[in-house]
Amino acid sequence: MSQQIQAVRGMKDILPQETPLWQRVEQTLRETFGAYGYSEIRLPLAEKAELFERSIGAVTDIVEKEMYTFEDLNHERLSLRPEGTAGCVRAGIEHGLLYNQIQRLWYMGAMFRHERPQKGRYRQFHQAGIEALGMEGPDIDAELIAMTARIWKSLGVTSLALQINSLGTLAARQVYRARLVEYFSGHQALLDEDSQRRLSTNPLRILDSKNPAMRELILAAPQLLEHLDAESLAHFERLKDLLDSAGVQYSVNPRLVRGLDYYSKTVFEWVTDQLGAQGTVCAGGRYDGLVEQLGGKATPAIGFAIGLERLLSLVETQAGLQAPHAYLLVAGATAERAGVKLAEALRDAVAGLRLVMNCGGGGFKAQFKRADKSGARVALLLGDEELAKNVVGVKFLREERAQQEVPMDTLAALLRELI
RNA sequence: GUGGGCGUAGCUCAGUUGGUUAGAGUCCCAGAUUGUGAUUCUGGUUGUCGUGGGUUCGAGUCCCAUCGUCCACCCCA
C-alpha cells in the first residue's frame, strides 16, 4: 500500500449519513428566503484579494492572517472568499444591479479562513446569507431579523437568543473610537496583553473582551450608544419598536461590535451557549457605506450570514437516509440480464421510484441480507425459475405478507402503491 | 499564532511498575438453526500500536521531534 493522502486540515468531508440533515436545513433556508422575496445569486469562490482588503478592512485579522491568498499563473493576487458580502456587492455593482434599484439577494456556499480548527470553526465552512440592497429604513432591518427568527422556528431551534446594537454612522463611530482610545490609553497599565494590541488595531473589540480582569475597566468606558448621531439613534429606536411589534424578543448589548470594518448602524447576532466558544450562529448588520467604498453609487444595505455547521449542530438529528422502496434480487446470469432490463423498465414506469438492483453477486441469501440492510420495503426476486414463468417473487421485508409470482407487467402497479 | 488533552482493527475502546506470536465488542464474510431476511449458535478476515528518531537485552508502554485530532485562548459565522 502506498502512503495515503488525508483531507486538508480543517476541511471536512460531509458523509452520506450527514447529508440528509444538510439537505433539510438548506431546503428550509431556500424556502424561507424565497418567501420573503429574495432571489439566489451564485458567486465565484475566488476573488481578487484587493476586494476583501478594501471591504473587510486591511488591518482585520481575517485579511491579515486568515485568508487563503495566492498568485495565479497570470500573477494576479487571488483570495478564496472568507465571507459572502464582498463578492455579492462586487457582482451587484458590476452588473448594474444596484443602480437606482432595490435588490434582495441570497447565497449559500463554502467560505475559507485559515484558522486553527476548533468546535464550530473550520477552514472550509459554509454560510448562507442574504443581502438587502437599496433600502435605508429600519423596516428592512426588522424584516430581516424576523426572517431569521422564522428560520429557527421552522427548524425547531430554540436555544438562540438575539442581541442587537447600533454602531452609528461611520463618522460618529470614528469620534467614539477616538474617545475610546483616549480612555483606554489613560489606563494602559490595566489593559491585558490582547487589549494592548487591540488598542491600535480594533479598539472597539476591547469592549468584547472575555477577560474578567478587564470587566470593571470596560464597564466604566465611554458608551457607544451615548455617542450615536441623532439619525442612527432614531433608526435604532424605530428598529426596536418594529421588533416589538413583530413579536421578536431581543436584548440590547452595548458591547456588541463587529470584526469587519464595513458595518454601520444596526448590528445583530443570534447566539447560543450550547456550542462552546463559538456561540454565534448568525450575525449581520447594516453596511451603508460599502457599495460606494467598492466603487458603486452610494447605496444603503443590510445583510446577515448564518454559519451552517453551527446551525446544523443545533438542529435535532432526525432526517435519516432515504431507504429505497424496492430491492431487486437476481440469481443467475440469465436472470441478471433480464433484471437490468426490468429495473430500467420499472424506473420508466413508476415516477419517483427508488429501486436498487443487487450488484455484487451472491446467492439469494446474501442478497436478502443486503436488501434488508438497505431498509427497502420490498424485495423483488428474479431467478431462472421466475424468469421462465415471466413472473417476479415479491416479499415484503419485516412484514408477514408476501406475494408470490407477480406478473412482470403488473409489477409497476404494485410498486406505485409503495411510493 | 499561543496553551492543554488525545492518536492501538472500518467503527467504539482495553492493554497492569517496559517482558514472548497485540486483545474485546461491533462491522464484514462463511457455515448451522430459522418460514431463503432479522433473531440465536459456530468459525473466519482485518492492525508498519499516527510517523521518524532515541534509551534499553527488550518499547503499544519511557524520552525527543513531527504530523493529525479535540478543547480553550485569539478570531468569527
# chains A, B, ... in the order shown; residues from 1 in each chain; ligands from 1
$ residues_around --residues "B:G1" --least-positions-apart "3" --cutoff "10 Å" --atoms "only C-alpha atoms (C1' of nucleotides)" --output "number ranges by chain"
A: 65, 115-116; B: 74
$ select_by_dssp --residues "stretch 133-372 of chain A" --states "helix (DSSP H, G or I)" --output "NGL selection string"
:A and (138-155 or 170-186 or 188-190 or 193-201 or 203-208 or 212-219 or 224-227 or 230-246 or 290-293 or 308-312 or 333-349 or 364-372)
$ residues_around --residues "B:C41" --least-positions-apart "6" --cutoff "12 Å" --atoms "only C-alpha atoms (C1' of nucleotides)" --output "list of chain:residue names"
B:G31, B:A32, B:U33, B:U34
$ residues_around --residues "stretch 75-77 of chain B" --least-positions-apart "5" --cutoff "12 Å" --atoms "only C-alpha atoms (C1' of nucleotides)" --output "CSV table (one decimal) with C-alpha atoms (C1' of nucleotides), in the first residue's frame"
chain,number,residue,atom,x,y,z
A,60,THR,CA,-8.5,43.0,10.3
A,61,ASP,CA,-7.4,39.5,11.4
A,62,ILE,CA,-9.4,37.9,8.6
A,63,VAL,CA,-7.4,39.8,5.9
A,64,GLU,CA,-4.1,39.9,7.7
A,65,LYS,CA,-3.8,36.3,8.9
A,66,GLU,CA,-6.6,34.1,7.8
A,82,PRO,CA,-13.6,34.4,3.6
A,83,GLU,CA,-17.3,35.7,3.5
A,84,GLY,CA,-20.0,36.4,1.1
A,110,ALA,CA,-18.3,27.4,1.2
A,111,MET,CA,-16.1,30.0,2.8
A,112,PHE,CA,-12.4,29.7,3.7
A,113,ARG,CA,-10.4,31.0,6.6
A,114,HIS,CA,-7.1,29.7,7.7
A,115,GLU,CA,-7.8,29.5,11.4
A,116,ARG,CA,-6.9,26.8,14.0
A,117,PRO,CA,-9.7,24.3,13.8
A,118,GLN,CA,-12.0,24.1,16.8
A,120,GLY,CA,-17.8,25.1,15.3
A,121,ARG,CA,-14.8,26.5,13.4
A,122,TYR,CA,-13.3,25.0,10.3
A,123,ARG,CA,-11.0,26.2,7.5
A,124,GLN,CA,-13.6,25.4,4.9
A,125,PHE,CA,-17.0,26.2,6.4
A,126,HIS,CA,-20.4,27.0,5.0
A,127,GLN,CA,-22.6,30.1,5.2
A,128,ALA,CA,-26.0,31.0,4.0
A,129,GLY,CA,-26.6,34.7,3.8
A,194,ASP,CA,-4.7,41.3,23.9
A,205,ARG,CA,-13.2,44.9,20.3
A,208,ASP,CA,-15.9,42.4,23.9
A,209,SER,CA,-13.1,41.0,26.0
A,257,VAL,CA,-19.3,45.1,17.9
A,258,ARG,CA,-18.2,43.6,14.6
A,259,GLY,CA,-14.9,42.4,13.4
A,260,LEU,CA,-15.5,43.6,9.9
A,269,GLU,CA,-26.2,38.4,16.5
A,270,TRP,CA,-28.0,35.2,17.3
A,271,VAL,CA,-26.0,33.4,20.0
A,277,ALA,CA,-16.6,29.1,22.5
A,278,GLN,CA,-18.1,29.6,19.0
A,279,GLY,CA,-21.6,30.6,20.1
A,280,THR,CA,-22.5,33.0,17.2
A,281,VAL,CA,-24.7,31.1,14.8
A,282,CYS,CA,-25.9,34.1,12.8
A,283,ALA,CA,-24.6,37.6,12.6
A,284,GLY,CA,-25.2,40.6,10.4
A,304,PHE,CA,-26.5,38.7,7.6
A,305,ALA,CA,-24.8,35.3,7.4
A,306,ILE,CA,-25.6,32.0,9.1
A,307,GLY,CA,-22.9,29.6,9.9
A,308,LEU,CA,-24.3,26.3,8.6
A,309,GLU,CA,-22.1,23.9,10.6
A,310,ARG,CA,-23.1,25.8,13.8
A,311,LEU,CA,-26.8,25.8,12.9
B,1,G,C1',-0.3,32.4,16.1
$ closest_atom_pairs --of "stretch 15-38 of chain B" --to "stretch 383-402 of chain A" --cutoff "12 Å" --atoms "only C-alpha atoms (C1' of nucleotides)" --output "CSV"
residue,atom,partner,partner_atom,distance
B:G35,C1',A:Glu400,CA,10.2
B:U36,C1',A:Lys395,CA,11.0
B:G37,C1',A:Leu397,CA,7.1
B:A38,C1',A:Arg398,CA,7.5
$ closest_residue --among "B:A30, B:G25, B:G54, B:C13" --to "A:Gly362" --atoms "only C-alpha atoms (C1' of nucleotides)"
B:A30
$ closest_residue --among "A:Gly276, A:Gly332, A:Pro324, A:Gly296" --to "chain B" --atoms "only C-alpha atoms (C1' of nucleotides)"
A:Gly276
$ residues_around --residues "A:Met357" --least-positions-apart "5" --cutoff "9 Å" --atoms "only C-alpha atoms (C1' of nucleotides)" --output "PyMOL selection string"
chain A and resi 326-330+339-340+343
$ write_last_selection --atoms "N, CA and C atoms" --output "short mmCIF file (atom, residue, chain, number, x, y, z; two decimals), in the first residue's frame"
data_model
loop_
_atom_site.label_atom_id
_atom_site.label_comp_id
_atom_site.auth_asym_id
_atom_site.auth_seq_id
_atom_site.Cartn_x
_atom_site.Cartn_y
_atom_site.Cartn_z
N ALA A 326 -37.73 -0.44 -3.20
CA ALA A 326 -37.63 -1.84 -3.61
C ALA A 326 -36.19 -2.21 -3.90
N TYR A 327 -35.90 -3.48 -3.70
CA TYR A 327 -34.55 -4.01 -3.92
C TYR A 327 -34.69 -5.22 -4.81
N LEU A 328 -34.06 -5.17 -5.96
CA LEU A 328 -34.22 -6.25 -6.94
C LEU A 328 -33.11 -7.29 -6.79
N LEU A 329 -33.51 -8.51 -6.47
CA LEU A 329 -32.56 -9.61 -6.30
C LEU A 329 -32.54 -10.45 -7.56
N VAL A 330 -31.36 -10.73 -8.06
CA VAL A 330 -31.29 -11.59 -9.24
C VAL A 330 -30.33 -12.74 -8.98
N GLY A 339 -32.88 -8.87 -15.39
CA GLY A 339 -33.06 -7.95 -14.27
C GLY A 339 -32.71 -6.51 -14.63
N VAL A 340 -31.62 -6.34 -15.35
CA VAL A 340 -31.21 -4.99 -15.77
C VAL A 340 -32.32 -4.36 -16.60
N ALA A 343 -35.35 -3.55 -14.34
CA ALA A 343 -35.11 -2.40 -13.47
C ALA A 343 -35.32 -1.09 -14.25
#
$ residues_around --residues "B:G68" --least-positions-apart "2" --cutoff "10 Å" --atoms "only C-alpha atoms (C1' of nucleotides)" --output "list of chain:residue names"
A:Gln6, A:Arg9, B:G7, B:G50
$ residues_around --residues "stretch 216-225 of chain A" --least-positions-apart "4" --cutoff "12 Å" --atoms "only C-alpha atoms (C1' of nucleotides)" --output "PyMOL selection string"
chain A and resi 164-169+172-192+195+203-212+229-230+232-234+236-237+252-257+265-266
$ write_last_selection --atoms "C-alpha atoms" --output "mmCIF file, in the first residue's frame"
data_model
loop_
_atom_site.group_PDB
_atom_site.id
_atom_site.type_symbol
_atom_site.label_atom_id
_atom_site.label_comp_id
_atom_site.auth_asym_id
_atom_site.auth_seq_id
_atom_site.Cartn_x
_atom_site.Cartn_y
_atom_site.Cartn_z
ATOM 1 C CA ILE A 164 -28.763 43.944 18.891
ATOM 2 C CA ASN A 165 -26.769 47.138 18.943
ATOM 3 C CA SER A 166 -26.081 50.168 16.812
ATOM 4 C CA LEU A 167 -22.639 51.257 15.703
ATOM 5 C CA GLY A 168 -23.835 54.589 14.325
ATOM 6 C CA THR A 169 -22.626 56.155 11.133
ATOM 7 C CA ALA A 172 -19.981 59.003 14.623
ATOM 8 C CA ARG A 173 -18.103 55.789 15.185
ATOM 9 C CA GLN A 174 -14.789 57.417 14.407
ATOM 10 C CA VAL A 175 -15.437 60.074 17.030
ATOM 11 C CA TYR A 176 -16.362 57.400 19.535
ATOM 12 C CA ARG A 177 -13.363 55.309 18.585
ATOM 13 C CA ALA A 178 -11.072 58.231 19.309
ATOM 14 C CA ARG A 179 -12.714 58.763 22.704
ATOM 15 C CA LEU A 180 -12.301 55.070 23.479
ATOM 16 C CA VAL A 181 -8.621 55.036 22.556
ATOM 17 C CA GLU A 182 -8.141 58.086 24.732
ATOM 18 C CA TYR A 183 -9.878 56.393 27.655
ATOM 19 C CA PHE A 184 -8.025 53.083 27.425
ATOM 20 C CA SER A 185 -4.697 54.784 26.804
ATOM 21 C CA GLY A 186 -5.202 56.591 30.090
ATOM 22 C CA HIS A 187 -5.462 53.207 31.822
ATOM 23 C CA GLN A 188 -2.835 51.381 29.844
ATOM 24 C CA ALA A 189 -1.436 49.635 32.906
ATOM 25 C CA LEU A 190 -4.746 47.867 33.471
ATOM 26 C CA LEU A 191 -5.031 46.510 29.939
ATOM 27 C CA ASP A 192 -4.211 42.854 29.304
ATOM 28 C CA SER A 195 -6.287 44.587 24.669
ATOM 29 C CA PRO A 203 -10.206 49.305 19.923
ATOM 30 C CA LEU A 204 -13.938 48.571 19.817
ATOM 31 C CA ARG A 205 -13.196 44.899 20.293
ATOM 32 C CA ILE A 206 -11.722 45.593 23.719
ATOM 33 C CA LEU A 207 -15.313 46.037 24.869
ATOM 34 C CA ASP A 208 -15.921 42.417 23.860
ATOM 35 C CA SER A 209 -13.072 41.011 25.976
ATOM 36 C CA LYS A 210 -13.762 37.810 27.882
ATOM 37 C CA ASN A 211 -11.103 38.509 30.470
ATOM 38 C CA PRO A 212 -12.859 39.024 33.858
ATOM 39 C CA ASP A 229 -25.625 60.590 15.949
ATOM 40 C CA ALA A 230 -29.280 61.602 16.040
ATOM 41 C CA SER A 232 -28.633 56.468 13.943
ATOM 42 C CA LEU A 233 -30.319 56.793 17.301
ATOM 43 C CA ALA A 234 -33.728 57.337 15.696
ATOM 44 C CA PHE A 236 -32.233 52.178 16.301
ATOM 45 C CA GLU A 237 -35.264 53.258 18.340
ATOM 46 C CA VAL A 252 -29.576 45.311 23.599
ATOM 47 C CA ASN A 253 -25.899 44.544 24.028
ATOM 48 C CA PRO A 254 -23.959 47.821 24.002
ATOM 49 C CA ARG A 255 -20.692 45.891 23.746
ATOM 50 C CA LEU A 256 -21.725 44.064 20.588
ATOM 51 C CA VAL A 257 -19.294 45.146 17.884
ATOM 52 C CA LYS A 265 -25.790 51.474 12.371
ATOM 53 C CA THR A 266 -27.675 48.225 13.100
#
$ closest_residue --among "A:Leu133, A:Leu228, A:Leu73, A:Ala371" --to "chain B" --atoms "only C-alpha atoms (C1' of nucleotides)"
A:Ala371
$ select_by_dssp --residues "stretch 227-314 of chain A" --states "strand (DSSP E)" --output "PyMOL selection string"
chain A and resi 251-252+264-271+280-286+301-307
$ closest_residue --among "A:Leu155, A:Ala7, A:Leu15, A:Ala335" --to "chain B" --atoms "only C-alpha atoms (C1' of nucleotides)"
A:Ala7
$ atom_distance --atom1 "atom CA of A:Thr299" --atom2 "atom CA of A:Val89"
10.2 Å
$ closest_residue --among "B:G18, B:C71, B:G43, B:U8" --to "B:U55" --atoms "only C-alpha atoms (C1' of nucleotides)"
B:G18
$ closest_residue --among "A:Pro20, A:Gly10, A:Gly87, A:Pro44" --to "chain B" --atoms "only C-alpha atoms (C1' of nucleotides)"
A:Gly10
$ atom_distance --atom1 "atom CA of A:Asp288" --atom2 "atom CA of A:Trp106"
17.8 Å
$ decode --residues "stretch 8-77 of chain B" --atoms "C-alpha atoms (C1' of nucleotides)" --output "mmCIF file, in the first residue's frame"
data_model
loop_
_atom_site.group_PDB
_atom_site.id
_atom_site.type_symbol
_atom_site.label_atom_id
_atom_site.label_comp_id
_atom_site.auth_asym_id
_atom_site.auth_seq_id
_atom_site.Cartn_x
_atom_site.Cartn_y
_atom_site.Cartn_z
ATOM 1 C "C1'" U B 8 -3.935 0.819 19.345
ATOM 2 C "C1'" A B 9 -8.562 -3.370 13.597
ATOM 3 C "C1'" G B 10 -13.516 0.085 9.033
ATOM 4 C "C1'" C B 11 -16.085 1.953 13.970
ATOM 5 C "C1'" U B 12 -16.106 2.182 19.813
ATOM 6 C "C1'" C B 13 -12.309 1.106 23.018
ATOM 7 C "C1'" A B 14 -9.000 -2.477 26.669
ATOM 8 C "C1'" G B 15 -3.769 -3.219 27.062
ATOM 9 C "C1'" U B 16 -1.480 -3.545 34.533
ATOM 10 C "C1'" U B 17 5.610 -0.908 37.503
ATOM 11 C "C1'" G B 18 8.721 -1.684 29.724
ATOM 12 C "C1'" G B 19 8.831 -8.658 29.023
ATOM 13 C "C1'" U B 20 7.326 -13.880 24.157
ATOM 14 C "C1'" U B 21 3.463 -14.705 18.234
ATOM 15 C "C1'" A B 22 -1.284 -7.262 20.459
ATOM 16 C "C1'" G B 23 -6.995 -8.058 22.630
ATOM 17 C "C1'" A B 24 -12.668 -7.307 23.238
ATOM 18 C "C1'" G B 25 -17.183 -5.588 21.233
ATOM 19 C "C1'" U B 26 -19.174 -4.077 16.658
ATOM 20 C "C1'" C B 27 -18.968 -4.465 11.413
ATOM 21 C "C1'" C B 28 -17.948 -7.701 7.350
ATOM 22 C "C1'" C B 29 -17.575 -12.935 5.282
ATOM 23 C "C1'" A B 30 -18.723 -18.286 5.618
ATOM 24 C "C1'" G B 31 -21.406 -22.291 7.914
ATOM 25 C "C1'" A B 32 -25.506 -24.238 11.237
ATOM 26 C "C1'" U B 33 -30.539 -23.169 13.007
ATOM 27 C "C1'" U B 34 -34.954 -20.389 11.405
ATOM 28 C "C1'" G B 35 -40.944 -19.944 7.313
ATOM 29 C "C1'" U B 36 -34.459 -18.418 1.563
ATOM 30 C "C1'" G B 37 -34.031 -11.785 5.542
ATOM 31 C "C1'" A B 38 -33.829 -10.110 11.053
ATOM 32 C "C1'" U B 39 -33.005 -13.198 15.991
ATOM 33 C "C1'" U B 40 -29.609 -17.392 18.004
ATOM 34 C "C1'" C B 41 -25.053 -20.521 17.635
ATOM 35 C "C1'" U B 42 -20.086 -21.773 15.447
ATOM 36 C "C1'" G B 43 -15.930 -20.350 12.732
ATOM 37 C "C1'" G B 44 -13.017 -16.716 9.967
ATOM 38 C "C1'" U B 45 -10.577 -11.970 7.770
ATOM 39 C "C1'" U B 46 -8.719 -7.262 9.384
ATOM 40 C "C1'" G B 47 -3.538 -3.784 12.501
ATOM 41 C "C1'" U B 48 4.012 -0.900 9.866
ATOM 42 C "C1'" C B 49 0.016 0.266 18.023
ATOM 43 C "C1'" G B 50 -0.116 8.211 13.637
ATOM 44 C "C1'" U B 51 5.118 8.957 11.560
ATOM 45 C "C1'" G B 52 10.560 9.432 12.332
ATOM 46 C "C1'" G B 53 14.442 9.174 15.659
ATOM 47 C "C1'" G B 54 16.438 7.857 20.655
ATOM 48 C "C1'" U B 55 17.069 4.998 25.541
ATOM 49 C "C1'" U B 56 17.091 -0.456 26.507
ATOM 50 C "C1'" C B 57 18.948 -7.283 26.132
ATOM 51 C "C1'" G B 58 13.746 -5.955 25.015
ATOM 52 C "C1'" A B 59 9.175 -0.224 23.589
ATOM 53 C "C1'" G B 60 1.978 -0.078 22.226
ATOM 54 C "C1'" U B 61 4.105 1.312 27.172
ATOM 55 C "C1'" C B 62 9.786 5.760 28.625
ATOM 56 C "C1'" C B 63 12.280 10.376 26.033
ATOM 57 C "C1'" C B 64 12.626 13.899 21.733
ATOM 58 C "C1'" A B 65 10.785 15.606 17.207
ATOM 59 C "C1'" U B 66 6.956 15.745 13.690
ATOM 60 C "C1'" C B 67 2.002 15.212 11.756
ATOM 61 C "C1'" G B 68 -3.062 14.691 12.850
ATOM 62 C "C1'" U B 69 -7.226 15.426 16.120
ATOM 63 C "C1'" C B 70 -10.133 17.604 20.086
ATOM 64 C "C1'" C B 71 -10.817 21.689 23.556
ATOM 65 C "C1'" A B 72 -9.645 26.602 25.198
ATOM 66 C "C1'" C B 73 -7.236 31.490 24.074
ATOM 67 C "C1'" C B 74 -7.411 34.519 19.844
ATOM 68 C "C1'" C B 75 -10.788 35.395 15.767
ATOM 69 C "C1'" C B 76 -15.544 34.946 13.827
ATOM 70 C "C1'" A B 77 -20.493 32.759 11.148
#
